[in-house]
Amino acid sequence: MGVSVSASTAIIVAGLFFAFTTFYPVAANGLDRVSDAQHGVNERALERQNTDFTVTNATFNGSSGVLTVNATNEGSVGLVADDATLVVGNEYVDVGGANATTTVDGDGDTALWLGDETLRVEIAESDLSTDVVGNETRVILVVESGVRDAGTVTEVSA
């Protein structure tokens, strides 16, 4: 073999080495990102599986004009009350917003809703565009993990 064949082989080997050293970090970073994404999906699925709550009642007081929704956290995951969403009829209500008052087991200073605690959400009828009275209005409470429960509003007089 001549010098030209050996030089050509050396150039090809050097090129393959350079290509491999460029390709390997890209492939490793891609695999890390895919693994992290799968881990995140599994974590969210586990959180959804451990989240359980029930809308125990939804009442509308005709004399005070206040809609009250009570829900009990029956799961093993602590929830943030202000991150919940309430749908009254077909109207979106931000539970953490200015139009809603929340208490957790009677404490209005906390937003942490732990297991076996009751969340109470109160909304004035004047803050809703939906007619709460009559036609069996439904309320749906949705927490940050996407788990939801629904109830029907009953009217009370007090």
# chains A, B, ... in the order shown; residues from 1 in each chain; ligands from 1
call {"tool": "residues_around", "arguments": {"residues": "Glu117 of chain A", "least_positions_apart": "3", "cutoff": "9 Å", "atoms": "only C-alpha atoms", "output": "PyMOL selection string"}}
result
chain A and resi 71-74+104-105+113-114
call {"tool": "residues_around", "arguments": {"residues": "Gly78 of chain A", "least_positions_apart": "2", "cutoff": "12 Å", "atoms": "only C-alpha atoms", "output": "ChimeraX atom specification"}}
result
/A:47-48,50-53,72-76,80-81,83,104,111-119,143-145
call {"tool": "write_last_selection", "arguments": {"atoms": "N, CA and C atoms", "output": "mmCIF file, in the first residue's frame"}}
result
data_model
loop_
_atom_site.group_PDB
_atom_site.id
_atom_site.type_symbol
_atom_site.label_atom_id
_atom_site.label_comp_id
_atom_site.auth_asym_id
_atom_site.auth_seq_id
_atom_site.Cartn_x
_atom_site.Cartn_y
_atom_site.Cartn_z
ATOM 1 N N GLU A 47 -50.418 12.040 39.993
ATOM 2 C CA GLU A 47 -51.128 13.089 40.728
ATOM 3 C C GLU A 47 -52.628 13.016 40.450
ATOM 4 N N ARG A 48 -52.998 12.823 39.173
ATOM 5 C CA ARG A 48 -54.424 12.687 38.833
ATOM 6 C C ARG A 48 -55.036 11.470 39.502
ATOM 7 N N ASN A 50 -54.188 10.127 42.334
ATOM 8 C CA ASN A 50 -54.295 10.324 43.778
ATOM 9 C C ASN A 50 -55.187 11.500 44.156
ATOM 10 N N THR A 51 -55.725 12.216 43.163
ATOM 11 C CA THR A 51 -56.618 13.349 43.411
ATOM 12 C C THR A 51 -58.057 12.858 43.374
ATOM 13 N N ASP A 52 -58.775 13.167 44.443
ATOM 14 C CA ASP A 52 -60.186 12.795 44.500
ATOM 15 C C ASP A 52 -60.903 13.802 45.392
ATOM 16 N N PHE A 53 -61.962 14.365 44.886
ATOM 17 C CA PHE A 53 -62.784 15.266 45.692
ATOM 18 C C PHE A 53 -64.222 15.148 45.228
ATOM 19 N N THR A 72 -65.381 18.418 49.266
ATOM 20 C CA THR A 72 -64.503 17.749 50.220
ATOM 21 C C THR A 72 -63.384 17.036 49.469
ATOM 22 N N ASN A 73 -62.153 17.282 49.913
ATOM 23 C CA ASN A 73 -60.979 16.631 49.322
ATOM 24 C C ASN A 73 -60.874 15.243 49.931
ATOM 25 N N GLU A 74 -61.071 14.220 49.121
ATOM 26 C CA GLU A 74 -61.013 12.834 49.588
ATOM 27 C C GLU A 74 -59.763 12.111 49.106
ATOM 28 N N GLY A 75 -58.874 12.824 48.461
ATOM 29 C CA GLY A 75 -57.663 12.218 47.915
ATOM 30 C C GLY A 75 -56.476 12.391 48.837
ATOM 31 N N SER A 76 -55.341 11.865 48.391
ATOM 32 C CA SER A 76 -54.121 11.955 49.182
ATOM 33 C C SER A 76 -53.223 13.105 48.726
ATOM 34 N N VAL A 80 -54.452 23.267 45.742
ATOM 35 C CA VAL A 80 -54.438 24.708 45.960
ATOM 36 C C VAL A 80 -55.806 25.234 45.547
ATOM 37 N N ALA A 81 -56.546 25.761 46.522
ATOM 38 C CA ALA A 81 -57.920 26.195 46.268
ATOM 39 C C ALA A 81 -57.977 27.304 45.224
ATOM 40 N N ASP A 83 -56.210 27.710 42.666
ATOM 41 C CA ASP A 83 -55.944 27.228 41.310
ATOM 42 C C ASP A 83 -57.136 26.471 40.729
ATOM 43 N N VAL A 104 -61.185 27.251 53.573
ATOM 44 C CA VAL A 104 -60.877 25.830 53.724
ATOM 45 C C VAL A 104 -61.082 25.491 55.181
ATOM 46 N N ALA A 111 -54.971 28.841 51.303
ATOM 47 C CA ALA A 111 -55.434 28.344 50.009
ATOM 48 C C ALA A 111 -55.097 26.872 49.858
ATOM 49 N N LEU A 112 -54.441 26.291 50.877
ATOM 50 C CA LEU A 112 -54.047 24.888 50.821
ATOM 51 C C LEU A 112 -55.212 24.017 51.262
ATOM 52 N N TRP A 113 -55.637 23.127 50.375
ATOM 53 C CA TRP A 113 -56.810 22.283 50.591
ATOM 54 C C TRP A 113 -56.326 20.841 50.697
ATOM 55 N N LEU A 114 -56.136 20.374 51.924
ATOM 56 C CA LEU A 114 -55.588 19.042 52.172
ATOM 57 C C LEU A 114 -56.685 17.996 52.242
ATOM 58 N N GLY A 115 -56.286 16.735 52.411
ATOM 59 C CA GLY A 115 -57.238 15.632 52.497
ATOM 60 C C GLY A 115 -58.188 15.778 53.665
ATOM 61 N N ASP A 116 -59.433 15.369 53.468
ATOM 62 C CA ASP A 116 -60.512 15.424 54.458
ATOM 63 C C ASP A 116 -60.870 16.840 54.891
ATOM 64 N N GLU A 117 -60.479 17.827 54.121
ATOM 65 C CA GLU A 117 -60.878 19.203 54.401
ATOM 66 C C GLU A 117 -61.938 19.633 53.392
ATOM 67 N N THR A 118 -62.760 20.601 53.796
ATOM 68 C CA THR A 118 -63.855 21.067 52.955
ATOM 69 C C THR A 118 -63.559 22.467 52.431
ATOM 70 N N LEU A 119 -63.655 22.597 51.132
ATOM 71 C CA LEU A 119 -63.502 23.889 50.468
ATOM 72 C C LEU A 119 -64.882 24.496 50.298
ATOM 73 N N VAL A 143 -59.955 21.033 39.414
ATOM 74 C CA VAL A 143 -58.700 21.394 40.072
ATOM 75 C C VAL A 143 -57.576 21.395 39.053
ATOM 76 N N GLU A 144 -56.373 21.821 39.486
ATOM 77 C CA GLU A 144 -55.274 22.052 38.548
ATOM 78 C C GLU A 144 -54.826 20.817 37.788
ATOM 79 N N SER A 145 -55.049 19.629 38.321
ATOM 80 C CA SER A 145 -54.633 18.413 37.615
ATOM 81 C C SER A 145 -55.658 17.970 36.573
#
call {"tool": "atom_distance", "arguments": {"atom1": "atom CA of Phe60 of chain A", "atom2": "atom CA of Ser126 of chain A"}}
result
12.4 Å
call {"tool": "atom_distance", "arguments": {"atom1": "atom CA of Gly108 of chain A", "atom2": "atom CA of Leu46 of chain A"}}
result
29.1 Å
call {"tool": "select_by_dssp", "arguments": {"residues": "segment 1-130 of chain A", "states": "alpha helix (DSSP H)", "output": "JSON, numbers by chain"}}
result
{"A": [3, 4, 5, 6, 7, 8, 9, 10, 11, 12, 13, 14, 15, 16, 17, 18, 19, 20, 21, 22, 23, 24, 25, 26, 27, 28, 29, 30, 31, 32, 33, 34, 35, 36, 37, 38, 39, 40, 41, 42, 43, 44, 45, 46, 47, 48, 49, 50]}
call {"tool": "write_last_selection", "arguments": {"atoms": "C-alpha atoms", "output": "short mmCIF file (atom, residue, chain, number, x, y, z; two decimals), in the first residue's frame"}}
result
data_model
loop_
_atom_site.label_atom_id
_atom_site.label_comp_id
_atom_site.auth_asym_id
_atom_site.auth_seq_id
_atom_site.Cartn_x
_atom_site.Cartn_y
_atom_site.Cartn_z
CA VAL A 3 1.14 6.58 1.26
CA SER A 4 -2.00 7.85 -0.44
CA VAL A 5 -4.08 4.86 0.71
CA SER A 6 -2.87 5.21 4.30
CA ALA A 7 -3.50 8.95 4.26
CA SER A 8 -6.98 8.42 2.82
CA THR A 9 -7.77 5.85 5.50
CA ALA A 10 -6.54 8.22 8.21
CA ILE A 11 -8.70 11.05 6.85
CA ILE A 12 -11.77 8.79 6.74
CA VAL A 13 -11.16 7.55 10.30
CA ALA A 14 -10.65 11.14 11.53
CA GLY A 15 -13.88 12.19 9.78
CA LEU A 16 -15.82 9.33 11.37
CA PHE A 17 -14.37 10.23 14.77
CA PHE A 18 -15.36 13.89 14.31
CA ALA A 19 -18.86 12.88 13.14
CA PHE A 20 -19.32 10.58 16.14
CA THR A 21 -18.15 13.22 18.64
CA THR A 22 -20.66 15.66 17.14
CA PHE A 23 -23.55 13.18 16.91
CA TYR A 24 -23.24 11.62 20.38
CA PRO A 25 -24.01 14.77 22.48
CA VAL A 26 -26.97 15.60 20.26
CA ALA A 27 -28.38 12.09 20.64
CA ALA A 28 -27.73 12.04 24.40
CA ASN A 29 -29.45 15.42 24.91
CA GLY A 30 -32.42 14.28 22.85
CA LEU A 31 -32.72 11.09 24.87
CA ASP A 32 -32.52 13.07 28.13
CA ARG A 33 -35.30 15.39 26.99
CA VAL A 34 -37.53 12.47 26.01
CA SER A 35 -36.84 10.75 29.35
CA ASP A 36 -37.63 13.95 31.28
CA ALA A 37 -40.87 14.40 29.34
CA GLN A 38 -41.95 10.80 30.03
CA HIS A 39 -41.13 11.29 33.72
CA GLY A 40 -43.30 14.43 33.78
CA VAL A 41 -46.19 12.61 32.13
CA ASN A 42 -45.93 9.80 34.69
CA GLU A 43 -45.83 12.29 37.60
CA ARG A 44 -48.95 14.08 36.35
CA ALA A 45 -50.76 10.77 35.86
CA LEU A 46 -49.90 9.73 39.41
CA GLU A 47 -51.13 13.09 40.73
CA ARG A 48 -54.42 12.69 38.83
CA GLN A 49 -54.79 9.16 40.17
CA ASN A 50 -54.30 10.32 43.78
#
call {"tool": "closest_residue", "arguments": {"among": "A:Ser64, A:Glu125, A:Ala100, A:Arg138", "to": "Ala84 of chain A", "atoms": "only C-alpha atoms"}}
result
A:Ala100
call {"tool": "residues_around", "arguments": {"residues": "Val93 of chain A", "least_positions_apart": "6", "cutoff": "10 Å", "atoms": "only C-alpha atoms", "output": "CSV table (one decimal) with N, CA and C atoms, in the first residue's frame"}}
result
chain,number,residue,atom,x,y,z
A,84,ALA,N,-58.2,26.3,41.5
A,84,ALA,CA,-59.4,25.6,41.0
A,84,ALA,C,-60.2,26.5,40.1
A,85,THR,N,-61.0,25.9,39.3
A,85,THR,CA,-61.9,26.6,38.4
A,85,THR,C,-63.3,26.1,38.6
A,86,LEU,N,-64.3,27.0,38.6
A,86,LEU,CA,-65.7,26.7,38.8
A,86,LEU,C,-66.4,27.1,37.6
A,87,VAL,N,-67.3,26.2,37.1
A,87,VAL,CA,-68.1,26.5,36.0
A,87,VAL,C,-69.5,26.5,36.5
A,99,ASN,N,-63.9,37.8,42.4
A,99,ASN,CA,-65.4,37.6,42.5
A,99,ASN,C,-65.8,36.5,43.4
A,100,ALA,N,-64.8,35.6,43.8
A,100,ALA,CA,-65.1,34.5,44.7
A,100,ALA,C,-64.4,34.6,46.0
A,123,ILE,N,-70.0,33.0,45.8
A,123,ILE,CA,-70.0,33.9,44.7
A,123,ILE,C,-71.3,34.7,44.8
A,127,ASP,N,-72.2,38.9,40.5
A,127,ASP,CA,-70.9,38.7,39.8
A,127,ASP,C,-71.1,37.7,38.7
A,128,LEU,N,-72.3,37.1,38.6
A,128,LEU,CA,-72.5,36.1,37.5
A,128,LEU,C,-73.4,36.6,36.5
A,141,LEU,N,-66.6,21.8,39.4
A,141,LEU,CA,-65.4,22.3,40.0
A,141,LEU,C,-64.2,21.4,39.4
call {"tool": "residues_around", "arguments": {"residues": "segment 148-154 of chain A", "least_positions_apart": "5", "cutoff": "7 Å", "atoms": "only C-alpha atoms", "output": "list of chain:residue names"}}
result
A:Thr54, A:Val55, A:Asn57, A:Ala58, A:Thr59, A:Phe60, A:Glu136, A:Thr137, A:Arg138, A:Val139, A:Ile140, A:Leu141, A:Val142, A:Val143
call {"tool": "write_last_selection", "arguments": {"atoms": "C-alpha atoms", "output": "PDB file, in the first residue's frame"}}
result
ATOM      1  CA  THR A  54     -66.550  15.500  45.784  1.00  0.00           C
ATOM      2  CA  VAL A  55     -68.839  18.490  45.389  1.00  0.00           C
ATOM      3  CA  ASN A  57     -73.522  20.514  47.804  1.00  0.00           C
ATOM      4  CA  ALA A  58     -74.195  23.666  45.828  1.00  0.00           C
ATOM      5  CA  THR A  59     -76.823  26.017  47.203  1.00  0.00           C
ATOM      6  CA  PHE A  60     -78.185  29.380  46.186  1.00  0.00           C
ATOM      7  CA  GLU A 136     -81.387  23.095  37.661  1.00  0.00           C
ATOM      8  CA  THR A 137     -78.132  24.930  37.116  1.00  0.00           C
ATOM      9  CA  ARG A 138     -75.068  22.693  37.305  1.00  0.00           C
ATOM     10  CA  VAL A 139     -71.752  23.623  38.836  1.00  0.00           C
ATOM     11  CA  ILE A 140     -68.506  21.911  37.904  1.00  0.00           C
ATOM     12  CA  LEU A 141     -65.381  22.264  40.034  1.00  0.00           C
ATOM     13  CA  VAL A 142     -62.078  21.510  38.294  1.00  0.00           C
ATOM     14  CA  VAL A 143     -58.700  21.394  40.072  1.00  0.00           C
TER      15      VAL A 143
END
call {"tool": "select_by_dssp", "arguments": {"residues": "chain A", "states": "strand (DSSP E)", "output": "ChimeraX atom specification"}}
result
/A:53-61,66-73,79-80,85-88,91-94,100-104,112-113,118-124,138-142,148-156
call {"tool": "closest_residue", "arguments": {"among": "A:Asp82, A:Glu91, A:Asp109, A:Glu155", "to": "Val121 of chain A", "atoms": "only C-alpha atoms"}}
result
A:Asp82
call {"tool": "atom_distance", "arguments": {"atom1": "atom CA of Val156 of chain A", "atom2": "atom CA of Thr110 of chain A"}}
result
27.7 Å
call {"tool": "decode", "arguments": {"residues": "segment 27-96 of chain A", "atoms": "C-alpha atoms", "output": "compact mmCIF listing (two decimals), in the first residue's frame"}}
result
# COMPACT_ATOMS: atom_id res chain seq x y z
CA ALA A 27 -28.38 12.09 20.64
CA ALA A 28 -27.73 12.04 24.40
CA ASN A 29 -29.45 15.42 24.91
CA GLY A 30 -32.42 14.28 22.85
CA LEU A 31 -32.72 11.09 24.87
CA ASP A 32 -32.52 13.07 28.13
CA ARG A 33 -35.30 15.39 26.99
CA VAL A 34 -37.53 12.47 26.01
CA SER A 35 -36.84 10.75 29.35
CA ASP A 36 -37.63 13.95 31.28
CA ALA A 37 -40.87 14.40 29.34
CA GLN A 38 -41.95 10.80 30.03
CA HIS A 39 -41.13 11.29 33.72
CA GLY A 40 -43.30 14.43 33.78
CA VAL A 41 -46.19 12.61 32.13
CA ASN A 42 -45.93 9.80 34.69
CA GLU A 43 -45.83 12.29 37.60
CA ARG A 44 -48.95 14.08 36.35
CA ALA A 45 -50.76 10.77 35.86
CA LEU A 46 -49.90 9.73 39.41
CA GLU A 47 -51.13 13.09 40.73
CA ARG A 48 -54.42 12.69 38.83
CA GLN A 49 -54.79 9.16 40.17
CA ASN A 50 -54.30 10.32 43.78
CA THR A 51 -56.62 13.35 43.41
CA ASP A 52 -60.19 12.80 44.50
CA PHE A 53 -62.78 15.27 45.69
CA THR A 54 -66.55 15.50 45.78
CA VAL A 55 -68.84 18.49 45.39
CA THR A 56 -70.95 17.81 48.48
CA ASN A 57 -73.52 20.51 47.80
CA ALA A 58 -74.20 23.67 45.83
CA THR A 59 -76.82 26.02 47.20
CA PHE A 60 -78.19 29.38 46.19
CA ASN A 61 -79.59 31.60 48.92
CA GLY A 62 -82.31 33.66 47.27
CA SER A 63 -82.52 36.26 50.04
CA SER A 64 -78.78 37.05 50.14
CA GLY A 65 -78.12 36.31 46.46
CA VAL A 66 -75.06 34.13 47.20
CA LEU A 67 -74.11 30.88 45.50
CA THR A 68 -72.23 28.54 47.86
CA VAL A 69 -70.36 25.46 46.65
CA ASN A 70 -68.89 23.00 49.17
CA ALA A 71 -66.41 20.30 48.15
CA THR A 72 -64.50 17.75 50.22
CA ASN A 73 -60.98 16.63 49.32
CA GLU A 74 -61.01 12.83 49.59
CA GLY A 75 -57.66 12.22 47.91
CA SER A 76 -54.12 11.96 49.18
CA VAL A 77 -52.92 15.00 47.24
CA GLY A 78 -53.05 18.49 48.72
CA LEU A 79 -54.68 20.94 46.34
CA VAL A 80 -54.44 24.71 45.96
CA ALA A 81 -57.92 26.20 46.27
CA ASP A 82 -57.03 29.33 44.30
CA ASP A 83 -55.94 27.23 41.31
CA ALA A 84 -59.37 25.61 41.03
CA THR A 85 -61.90 26.59 38.39
CA LEU A 86 -65.66 26.70 38.84
CA VAL A 87 -68.11 26.54 35.96
CA VAL A 88 -71.60 27.77 36.86
CA GLY A 89 -74.06 26.93 34.14
CA ASN A 90 -71.85 27.79 31.19
CA GLU A 91 -69.90 30.57 32.88
CA TYR A 92 -66.27 30.32 33.92
CA VAL A 93 -65.49 31.58 37.44
CA ASP A 94 -61.90 31.92 38.64
CA VAL A 95 -62.00 30.61 42.22
CA GLY A 96 -58.83 32.53 43.08
